[in-house]
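Below is target-v7.pdb, holding PDB, C-alpha atoms.
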ATOM      1  CA  MET A   1     -50.248  -9.800   1.981  1.00  0.00           C
ATOM      2  CA  GLU A   2     -49.818  -8.360   5.462  1.00  0.00           C
ATOM      3  CA  LYS A   3     -47.083 -10.878   6.162  1.00  0.00           C
ATOM      4  CA  ASP A   4     -44.870  -9.311   3.439  1.00  0.00           C
ATOM      5  CA  GLY A   5     -45.186  -5.920   5.139  1.00  0.00           C
ATOM      6  CA  GLU A   6     -44.159  -7.428   8.472  1.00  0.00           C
ATOM      7  CA  GLU A   7     -41.150  -9.136   6.897  1.00  0.00           C
ATOM      8  CA  GLN A   8     -40.149  -5.914   5.174  1.00  0.00           C
ATOM      9  CA  GLY A   9     -40.472  -4.038   8.480  1.00  0.00           C
ATOM     10  CA  GLU A  10     -38.296  -6.614  10.224  1.00  0.00           C
ATOM     11  CA  SER A  11     -35.759  -6.391   7.423  1.00  0.00           C
ATOM     12  CA  ARG A  12     -35.716  -2.593   7.682  1.00  0.00           C
ATOM     13  CA  GLY A  13     -35.337  -2.819  11.469  1.00  0.00           C
ATOM     14  CA  GLU A  14     -32.467  -5.273  11.108  1.00  0.00           C
ATOM     15  CA  ARG A  15     -30.795  -3.001   8.562  1.00  0.00           C
ATOM     16  CA  GLN A  16     -31.171   0.028  10.844  1.00  0.00           C
ATOM     17  CA  ALA A  17     -29.670  -1.924  13.745  1.00  0.00           C
ATOM     18  CA  LEU A  18     -26.777  -3.031  11.560  1.00  0.00           C
ATOM     19  CA  VAL A  19     -26.136   0.528  10.364  1.00  0.00           C
ATOM     20  CA  ALA A  20     -26.278   1.873  13.925  1.00  0.00           C
ATOM     21  CA  ARG A  21     -23.868  -0.795  15.149  1.00  0.00           C
ATOM     22  CA  ALA A  22     -21.466  -0.205  12.252  1.00  0.00           C
ATOM     23  CA  LEU A  23     -21.590   3.570  12.775  1.00  0.00           C
ATOM     24  CA  GLY A  24     -20.899   3.280  16.495  1.00  0.00           C
ATOM     25  CA  ILE A  25     -18.033   0.850  16.078  1.00  0.00           C
ATOM     26  CA  GLY A  26     -16.665   2.861  13.149  1.00  0.00           C
ATOM     27  CA  CYS A  27     -16.530   6.052  15.218  1.00  0.00           C
ATOM     28  CA  VAL A  28     -14.584   4.319  17.981  1.00  0.00           C
ATOM     29  CA  MET A  29     -12.234   2.789  15.398  1.00  0.00           C
ATOM     30  CA  VAL A  30     -11.472   6.236  13.910  1.00  0.00           C
ATOM     31  CA  VAL A  31     -10.030   7.379  17.249  1.00  0.00           C
ATOM     32  CA  LEU A  32      -8.197   4.113  17.873  1.00  0.00           C
ATOM     33  CA  GLY A  33      -6.824   4.031  14.331  1.00  0.00           C
ATOM     34  CA  PHE A  34      -5.644   7.643  14.513  1.00  0.00           C
ATOM     35  CA  PHE A  35      -3.650   7.187  17.695  1.00  0.00           C
ATOM     36  CA  SER A  36      -2.361   3.656  17.120  1.00  0.00           C
ATOM     37  CA  VAL A  37      -1.111   4.149  13.572  1.00  0.00           C
ATOM     38  CA  GLY A  38       0.005   7.680  14.509  1.00  0.00           C
ATOM     39  CA  MET A  39       2.379   6.076  17.018  1.00  0.00           C
ATOM     40  CA  VAL A  40       3.628   3.741  14.310  1.00  0.00           C
ATOM     41  CA  GLY A  41       4.220   6.866  12.204  1.00  0.00           C
ATOM     42  CA  VAL A  42       6.349   8.320  15.010  1.00  0.00           C
ATOM     43  CA  LEU A  43       8.338   5.074  15.076  1.00  0.00           C
ATOM     44  CA  VAL A  44       8.878   5.370  11.313  1.00  0.00           C
ATOM     45  CA  GLY A  45       9.961   8.991  11.872  1.00  0.00           C
ATOM     46  CA  ARG A  46      12.397   7.865  14.556  1.00  0.00           C
ATOM     47  CA  ILE A  47      13.932   5.302  12.191  1.00  0.00           C
ATOM     48  CA  TYR A  48      14.054   7.907   9.400  1.00  0.00           C
ATOM     49  CA  SER A  49      15.820  10.354  11.722  1.00  0.00           C
ATOM     50  CA  TRP A  50      18.359   7.725  12.705  1.00  0.00           C
ATOM     51  CA  VAL A  51      19.045   6.685   9.082  1.00  0.00           C
ATOM     52  CA  SER A  52      19.284  10.257   7.791  1.00  0.00           C
ATOM     53  CA  GLY A  53      21.451  11.379  10.711  1.00  0.00           C
ATOM     54  CA  CYS A  54      19.081  14.188  11.657  1.00  0.00           C
ATOM     55  CA  ARG A  55      19.767  15.723  15.083  1.00  0.00           C
ATOM     56  CA  TYR A  56      16.537  16.300  16.950  1.00  0.00           C
ATOM     57  CA  GLU A  57      15.878  18.268  20.108  1.00  0.00           C
ATOM     58  CA  PRO A  58      16.141  16.454  23.449  1.00  0.00           C
ATOM     59  CA  GLY A  59      12.735  15.323  24.634  1.00  0.00           C
ATOM     60  CA  LEU A  60      11.330  14.959  21.120  1.00  0.00           C
ATOM     61  CA  PRO A  61      11.013  11.518  19.560  1.00  0.00           C
ATOM     62  CA  ALA A  62      12.324  12.402  16.067  1.00  0.00           C
ATOM     63  CA  CYS A  63      12.931  15.148  13.524  1.00  0.00           C
ATOM     64  CA  ASN A  64       9.659  16.412  12.075  1.00  0.00           C
ATOM     65  CA  TRP A  65       7.768  13.880  14.179  1.00  0.00           C
ATOM     66  CA  THR A  66       4.488  15.777  13.835  1.00  0.00           C
ATOM     67  CA  ALA A  67       4.369  15.102  10.093  1.00  0.00           C
ATOM     68  CA  PHE A  68       4.993  11.392  10.607  1.00  0.00           C
ATOM     69  CA  ALA A  69       2.404  11.223  13.405  1.00  0.00           C
ATOM     70  CA  GLY A  70      -0.119  13.204  11.366  1.00  0.00           C
ATOM     71  CA  TRP A  71       0.171  11.092   8.227  1.00  0.00           C
ATOM     72  CA  GLY A  72       0.169   7.879  10.241  1.00  0.00           C
ATOM     73  CA  GLY A  73      -2.877   9.046  12.161  1.00  0.00           C
ATOM     74  CA  LEU A  74      -4.705   9.980   8.977  1.00  0.00           C
ATOM     75  CA  ILE A  75      -3.948   6.611   7.410  1.00  0.00           C
ATOM     76  CA  GLY A  76      -5.066   4.808  10.574  1.00  0.00           C
ATOM     77  CA  ALA A  77      -8.235   6.880  10.930  1.00  0.00           C
ATOM     78  CA  VAL A  78      -9.285   5.793   7.446  1.00  0.00           C
ATOM     79  CA  THR A  79      -8.081   2.204   7.177  1.00  0.00           C
ATOM     80  CA  LEU A  80      -8.915   0.732  10.597  1.00  0.00           C
ATOM     81  CA  PRO A  81     -12.616   1.696  10.524  1.00  0.00           C
ATOM     82  CA  ALA A  82     -12.885   0.590   6.898  1.00  0.00           C
ATOM     83  CA  LEU A  83     -11.435  -2.822   7.715  1.00  0.00           C
ATOM     84  CA  VAL A  84     -13.450  -3.374  10.892  1.00  0.00           C
ATOM     85  CA  VAL A  85     -16.797  -2.156   9.545  1.00  0.00           C
ATOM     86  CA  GLY A  86     -16.188  -3.988   6.285  1.00  0.00           C
ATOM     87  CA  ARG A  87     -15.614  -7.177   8.198  1.00  0.00           C
ATOM     88  CA  LEU A  88     -18.826  -6.661  10.167  1.00  0.00           C
ATOM     89  CA  VAL A  89     -21.040  -5.749   7.230  1.00  0.00           C
ATOM     90  CA  TRP A  90     -19.806  -7.847   4.320  1.00  0.00           C
ATOM     91  CA  PRO A  91     -21.067 -11.417   4.286  1.00  0.00           C
ATOM     92  CA  ARG A  92     -18.554 -14.201   4.581  1.00  0.00           C
ATOM     93  CA  ARG A  93     -17.523 -16.107   1.477  1.00  0.00           C
ATOM     94  CA  GLY A  94     -19.896 -18.933   0.743  1.00  0.00           C
ATOM     95  CA  ALA A  95     -22.623 -17.541   2.985  1.00  0.00           C
ATOM     96  CA  THR A  96     -26.172 -17.663   1.740  1.00  0.00           C
ATOM     97  CA  PRO A  97     -28.947 -15.372   2.938  1.00  0.00           C
ATOM     98  CA  SER A  98     -30.398 -18.240   4.961  1.00  0.00           C
ATOM     99  CA  ASN A  99     -27.232 -18.990   6.960  1.00  0.00           C
ATOM    100  CA  HIS A 100     -25.769 -15.466   7.154  1.00  0.00           C
ATOM    101  CA  THR A 101     -27.194 -13.298   9.876  1.00  0.00           C
ATOM    102  CA  ASN A 102     -25.786 -10.208  11.486  1.00  0.00           C
ATOM    103  CA  ASP A 103     -27.130 -10.882  14.934  1.00  0.00           C
ATOM    104  CA  VAL A 104     -27.369  -7.677  16.923  1.00  0.00           C
ATOM    105  CA  ARG A 105     -28.166  -9.280  20.273  1.00  0.00           C
TER     106      ARG A 105
END

Re-express the file's structure as structure tokens.
Amino acid sequence: MEKDGEEQGESRGERQALVARALGIGCVMVVLGFFSVGMVGVLVGRIYSWVSGCRYEPGLPACNWTAFAGWGGLIGAVTLPALVVGRLVWPRRGATPSNHTNDVR
């Protein structure tokens, strides 16, 4: 009977380690996603400015570039962590509990 308690404790410890790892990686991915996809948003804004013929100020990348950077950053801050953490946490297709481990070492 005591063995079940030990196994449950190990399972809880493994789950806590997995959650801590996913939370840490997710927080880093929020920042990376915001800036990386925000820059892609500025590129989209630059292309939009060129297609629409908008004249932007010298030294600025595009017309209304802050809106493009903001929306791109918001999209990146949500999607990149979701994809990365999802990939870490969700078991692979065809994996069984015996051959699927999220090794934290």

I'd like to see the residues matched by the PyMOL selection byres ((chain A and resi 27) around 12) on this file, and ideally I'd get them as number ranges by chain. A: 20-26, 28-34, 77-78, 80-82, 84-85

Quick check on the file I pasted: which residues fall under the PyMOL selection byres ((chain A and resi 36-51) around 12)? Write them as an mmCIF file with C-alpha atoms, in the coordinates of the input.
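Output (part28.cif):
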data_model
loop_
_atom_site.group_PDB
_atom_site.id
_atom_site.type_symbol
_atom_site.label_atom_id
_atom_site.label_comp_id
_atom_site.auth_asym_id
_atom_site.auth_seq_id
_atom_site.Cartn_x
_atom_site.Cartn_y
_atom_site.Cartn_z
ATOM 1 C CA MET A 29 -12.234 2.789 15.398
ATOM 2 C CA VAL A 30 -11.472 6.236 13.910
ATOM 3 C CA VAL A 31 -10.030 7.379 17.249
ATOM 4 C CA LEU A 32 -8.197 4.113 17.873
ATOM 5 C CA GLY A 33 -6.824 4.031 14.331
ATOM 6 C CA PHE A 34 -5.644 7.643 14.513
ATOM 7 C CA PHE A 35 -3.650 7.187 17.695
ATOM 8 C CA SER A 52 19.284 10.257 7.791
ATOM 9 C CA GLY A 53 21.451 11.379 10.711
ATOM 10 C CA CYS A 54 19.081 14.188 11.657
ATOM 11 C CA ARG A 55 19.767 15.723 15.083
ATOM 12 C CA TYR A 56 16.537 16.300 16.950
ATOM 13 C CA GLU A 57 15.878 18.268 20.108
ATOM 14 C CA LEU A 60 11.330 14.959 21.120
ATOM 15 C CA PRO A 61 11.013 11.518 19.560
ATOM 16 C CA ALA A 62 12.324 12.402 16.067
ATOM 17 C CA CYS A 63 12.931 15.148 13.524
ATOM 18 C CA ASN A 64 9.659 16.412 12.075
ATOM 19 C CA TRP A 65 7.768 13.880 14.179
ATOM 20 C CA THR A 66 4.488 15.777 13.835
ATOM 21 C CA ALA A 67 4.369 15.102 10.093
ATOM 22 C CA PHE A 68 4.993 11.392 10.607
ATOM 23 C CA ALA A 69 2.404 11.223 13.405
ATOM 24 C CA GLY A 70 -0.119 13.204 11.366
ATOM 25 C CA TRP A 71 0.171 11.092 8.227
ATOM 26 C CA GLY A 72 0.169 7.879 10.241
ATOM 27 C CA GLY A 73 -2.877 9.046 12.161
ATOM 28 C CA LEU A 74 -4.705 9.980 8.977
ATOM 29 C CA ILE A 75 -3.948 6.611 7.410
ATOM 30 C CA GLY A 76 -5.066 4.808 10.574
ATOM 31 C CA ALA A 77 -8.235 6.880 10.930
ATOM 32 C CA VAL A 78 -9.285 5.793 7.446
ATOM 33 C CA THR A 79 -8.081 2.204 7.177
ATOM 34 C CA LEU A 80 -8.915 0.732 10.597
#

With all atoms of range 50-65 of chain A from the file as input, state the centre and edge lengths in Å to one decimal of the axis-aligned box that has 8 Å extra on each side, as lines of an AutoDock Vina configuration file.
center_x = 14.6
center_y = 12.5
center_z = 16.2
size_x = 29.7
size_y = 27.6
size_z = 32.8
